[in-house]
Amino acid sequence: MLPRLDQKIINTINHAASLLSGAARRAFQAQVVLDYCNGSLSHAKILFGWHLKTLRRALLEREKGEPIPDRAGRGRKKLTERLPMLQADIRELVDPNTCTHPTFKNTFRYTRMTAQAVLDALVQKKGYDKDSLPKLSTMRKLLGEMGYRLRRVRKTKPKKKFAKQTRSSPTSPPPMNGAKKTRKSCEYR
């Protein structure tokens, strides 16, 4: 016969489980299953809403006395792991077409090459397979992470000597030809 738990105790146990993570959480869940559910995984699933696979793993870890390591290496490998020479090849292609900020205000290097041009150059000059290279948006992100920015290359931006004066500006000087500045008022009739 399984013990009957009131909702307050169930909420407290779920809250305690939510504060833990990893092997500590599974150890707590295994102890709760043994103490309150007499080892019944399906009862613990119904009562606490825990996943059966997690509970099986928790009891197995309890029997062994040590946590089972998580499966590492799942998912897609990073771009730098799949193509270790990619960044060096990109630098070799892009560096001749770059310049730094003329006032050295930042560390970015400005380049004339777009991400599409870099992809095309990698295929043509470096012999990469087009399918093995990243997509355009990923190449833009990679170029940004490498410190390149796509900007039109210019030596310096000339400073304006005077602010552009307009007749309607309250700070502009009076007209040079001696004419008075008149303002017509709008009258509605």
# chains A, B, ... in the order shown; residues from 1 in each chain; ligands from 1
>>> residues_around(residues="A:Gly22", least_positions_apart="6", cutoff="12 Å", atoms="only C-alpha atoms", output="PyMOL selection string")
chain A and resi 28-29+54+57-58+61+67-70
>>> closest_residue(among="A:Leu93, A:Pro84, A:Val32, A:Ala27", to="A:Lys64", atoms="only C-alpha atoms")
A:Ala27
>>> select_by_dssp(residues="stretch 62-157 of chain A", states="strand (DSSP E or B)", output="PyMOL selection string")
chain A and resi 98-100+109-111+148-150
>>> write_last_selection(atoms="N, CA and C atoms", output="short mmCIF file (atom, residue, chain, number, x, y, z; two decimals), in the first residue's frame")
data_model
loop_
_atom_site.label_atom_id
_atom_site.label_comp_id
_atom_site.auth_asym_id
_atom_site.auth_seq_id
_atom_site.Cartn_x
_atom_site.Cartn_y
_atom_site.Cartn_z
N THR A 98 42.28 44.93 -46.00
CA THR A 98 41.79 45.58 -44.79
C THR A 98 42.61 46.81 -44.44
N CYS A 99 42.02 47.62 -43.60
CA CYS A 99 42.74 48.75 -43.02
C CYS A 99 42.16 48.99 -41.63
N THR A 100 42.91 49.65 -40.78
CA THR A 100 42.42 49.95 -39.44
C THR A 100 41.72 51.30 -39.45
N ARG A 109 39.08 45.92 -37.81
CA ARG A 109 39.73 46.14 -39.09
C ARG A 109 38.64 46.20 -40.13
N TYR A 110 38.67 47.21 -40.96
CA TYR A 110 37.64 47.39 -41.98
C TYR A 110 38.11 46.71 -43.25
N THR A 111 37.19 46.00 -43.89
CA THR A 111 37.53 45.26 -45.10
C THR A 111 36.57 45.62 -46.21
N TYR A 148 36.61 41.73 -38.04
CA TYR A 148 36.48 42.43 -39.33
C TYR A 148 35.11 43.09 -39.42
N ARG A 149 35.08 44.27 -40.01
CA ARG A 149 33.84 44.98 -40.26
C ARG A 149 33.83 45.39 -41.73
N LEU A 150 32.67 45.25 -42.34
CA LEU A 150 32.52 45.65 -43.73
C LEU A 150 32.21 47.14 -43.77
#
>>> select_by_dssp(residues="stretch 11-72 of chain A", states="alpha helix (DSSP H)", output="PDB file with C-alpha atoms, in the first residue's frame")
ATOM      1  CA  ASN A  11       4.651  20.842  -3.532  1.00  0.00           C
ATOM      2  CA  THR A  12       7.460  20.970  -0.955  1.00  0.00           C
ATOM      3  CA  ILE A  13       9.202  17.940  -2.497  1.00  0.00           C
ATOM      4  CA  ASN A  14       8.865  19.350  -6.022  1.00  0.00           C
ATOM      5  CA  HIS A  15      10.224  22.699  -4.856  1.00  0.00           C
ATOM      6  CA  ALA A  16      13.205  21.027  -3.180  1.00  0.00           C
ATOM      7  CA  ALA A  17      13.894  19.027  -6.366  1.00  0.00           C
ATOM      8  CA  SER A  18      13.741  22.187  -8.485  1.00  0.00           C
ATOM      9  CA  LEU A  19      16.443  23.821  -6.360  1.00  0.00           C
ATOM     10  CA  GLY A  22      22.282  17.163 -12.080  1.00  0.00           C
ATOM     11  CA  ALA A  23      23.401  14.213  -9.958  1.00  0.00           C
ATOM     12  CA  ALA A  24      22.265  15.857  -6.704  1.00  0.00           C
ATOM     13  CA  ARG A  25      18.724  16.212  -8.034  1.00  0.00           C
ATOM     14  CA  ARG A  26      18.639  12.617  -9.211  1.00  0.00           C
ATOM     15  CA  ALA A  27      19.933  11.412  -5.825  1.00  0.00           C
ATOM     16  CA  PHE A  28      17.128  13.336  -4.108  1.00  0.00           C
ATOM     17  CA  GLN A  29      14.535  11.927  -6.516  1.00  0.00           C
ATOM     18  CA  ALA A  30      15.774   8.366  -5.940  1.00  0.00           C
ATOM     19  CA  GLN A  31      15.496   8.841  -2.170  1.00  0.00           C
ATOM     20  CA  VAL A  32      11.953  10.233  -2.510  1.00  0.00           C
ATOM     21  CA  VAL A  33      10.943   7.285  -4.738  1.00  0.00           C
ATOM     22  CA  LEU A  34      12.224   4.804  -2.167  1.00  0.00           C
ATOM     23  CA  ASP A  35      10.818   6.653   0.862  1.00  0.00           C
ATOM     24  CA  TYR A  36       7.392   7.803  -0.346  1.00  0.00           C
ATOM     25  CA  LEU A  41       8.530   4.691 -10.629  1.00  0.00           C
ATOM     26  CA  SER A  42       5.099   5.024 -12.197  1.00  0.00           C
ATOM     27  CA  HIS A  43       3.614   6.193  -8.905  1.00  0.00           C
ATOM     28  CA  ALA A  44       6.393   8.801  -8.568  1.00  0.00           C
ATOM     29  CA  LYS A  45       5.717   9.921 -12.136  1.00  0.00           C
ATOM     30  CA  ILE A  46       2.020  10.407 -11.432  1.00  0.00           C
ATOM     31  CA  LEU A  47       2.513  11.940  -8.003  1.00  0.00           C
ATOM     32  CA  PHE A  48       5.419  14.332  -8.670  1.00  0.00           C
ATOM     33  CA  LEU A  52      10.521   7.877 -15.883  1.00  0.00           C
ATOM     34  CA  LYS A  53      13.876   7.894 -17.677  1.00  0.00           C
ATOM     35  CA  THR A  54      15.313  10.274 -15.075  1.00  0.00           C
ATOM     36  CA  LEU A  55      13.978   8.175 -12.234  1.00  0.00           C
ATOM     37  CA  ARG A  56      15.482   4.981 -13.702  1.00  0.00           C
ATOM     38  CA  ARG A  57      18.822   6.719 -14.012  1.00  0.00           C
ATOM     39  CA  ALA A  58      18.524   8.045 -10.445  1.00  0.00           C
ATOM     40  CA  LEU A  59      17.929   4.556  -9.026  1.00  0.00           C
ATOM     41  CA  LEU A  60      20.772   3.115 -11.116  1.00  0.00           C
ATOM     42  CA  GLU A  61      23.139   5.798  -9.806  1.00  0.00           C
ATOM     43  CA  ARG A  62      22.005   4.980  -6.269  1.00  0.00           C
ATOM     44  CA  GLU A  63      22.736   1.264  -6.780  1.00  0.00           C
ATOM     45  CA  LYS A  64      26.195   1.942  -8.254  1.00  0.00           C
TER      46      LYS A  64
END
>>> closest_residue(among="A:Leu20, A:Ala115, A:Cys37, A:Val123", to="A:Arg140", atoms="only C-alpha atoms")
A:Ala115
>>> atom_distance(atom1="atom CA of A:Asp120", atom2="atom CA of A:Lys135")
11.5 Å
>>> atom_distance(atom1="atom CA of A:Pro134", atom2="atom CA of A:Asp89")
13.9 Å
>>> closest_residue(among="A:His51, A:Met85, A:Ile10, A:Leu79", to="A:Lys141", atoms="only C-alpha atoms")
A:Leu79
>>> decode(residues="stretch 36-52 of chain A", atoms="N, CA and C atoms", output="mmCIF file, in the first residue's frame")
data_model
loop_
_atom_site.group_PDB
_atom_site.id
_atom_site.type_symbol
_atom_site.label_atom_id
_atom_site.label_comp_id
_atom_site.auth_asym_id
_atom_site.auth_seq_id
_atom_site.Cartn_x
_atom_site.Cartn_y
_atom_site.Cartn_z
ATOM 1 N N TYR A 36 8.808 7.471 -0.271
ATOM 2 C CA TYR A 36 7.392 7.803 -0.346
ATOM 3 C C TYR A 36 6.612 6.963 -1.363
ATOM 4 N N CYS A 37 7.297 6.309 -2.293
ATOM 5 C CA CYS A 37 6.595 5.564 -3.342
ATOM 6 C C CYS A 37 6.938 4.079 -3.328
ATOM 7 N N ASN A 38 7.658 3.611 -2.327
ATOM 8 C CA ASN A 38 8.041 2.202 -2.196
ATOM 9 C C ASN A 38 8.740 1.670 -3.447
ATOM 10 N N GLY A 39 9.515 2.543 -4.116
ATOM 11 C CA GLY A 39 10.268 2.136 -5.299
ATOM 12 C C GLY A 39 9.465 2.105 -6.581
ATOM 13 N N SER A 40 8.229 2.529 -6.560
ATOM 14 C CA SER A 40 7.370 2.512 -7.750
ATOM 15 C C SER A 40 7.620 3.765 -8.589
ATOM 16 N N LEU A 41 8.213 3.561 -9.751
ATOM 17 C CA LEU A 41 8.530 4.691 -10.629
ATOM 18 C C LEU A 41 7.260 5.312 -11.219
ATOM 19 N N SER A 42 6.319 4.484 -11.589
ATOM 20 C CA SER A 42 5.099 5.024 -12.197
ATOM 21 C C SER A 42 4.293 5.839 -11.184
ATOM 22 N N HIS A 43 4.316 5.419 -9.930
ATOM 23 C CA HIS A 43 3.614 6.193 -8.905
ATOM 24 C C HIS A 43 4.302 7.550 -8.701
ATOM 25 N N ALA A 44 5.647 7.540 -8.713
ATOM 26 C CA ALA A 44 6.393 8.801 -8.568
ATOM 27 C C ALA A 44 6.134 9.721 -9.753
ATOM 28 N N LYS A 45 6.002 9.110 -10.950
ATOM 29 C CA LYS A 45 5.717 9.921 -12.136
ATOM 30 C C LYS A 45 4.360 10.598 -12.003
ATOM 31 N N ILE A 46 3.367 9.853 -11.571
ATOM 32 C CA ILE A 46 2.020 10.407 -11.432
ATOM 33 C C ILE A 46 1.973 11.432 -10.295
ATOM 34 N N LEU A 47 2.600 11.109 -9.196
ATOM 35 C CA LEU A 47 2.513 11.940 -8.003
ATOM 36 C C LEU A 47 3.295 13.245 -8.135
ATOM 37 N N PHE A 48 4.539 13.160 -8.635
ATOM 38 C CA PHE A 48 5.419 14.332 -8.670
ATOM 39 C C PHE A 48 5.612 14.914 -10.066
ATOM 40 N N GLY A 49 5.223 14.162 -11.100
ATOM 41 C CA GLY A 49 5.385 14.660 -12.463
ATOM 42 C C GLY A 49 6.806 14.523 -12.984
ATOM 43 N N TRP A 50 7.583 13.601 -12.437
ATOM 44 C CA TRP A 50 8.966 13.403 -12.865
ATOM 45 C C TRP A 50 9.012 12.411 -14.012
ATOM 46 N N HIS A 51 10.019 12.522 -14.832
ATOM 47 C CA HIS A 51 10.166 11.686 -16.009
ATOM 48 C C HIS A 51 10.687 10.307 -15.608
ATOM 49 N N LEU A 52 10.132 9.252 -16.226
ATOM 50 C CA LEU A 52 10.521 7.877 -15.883
ATOM 51 C C LEU A 52 11.993 7.596 -16.181
#
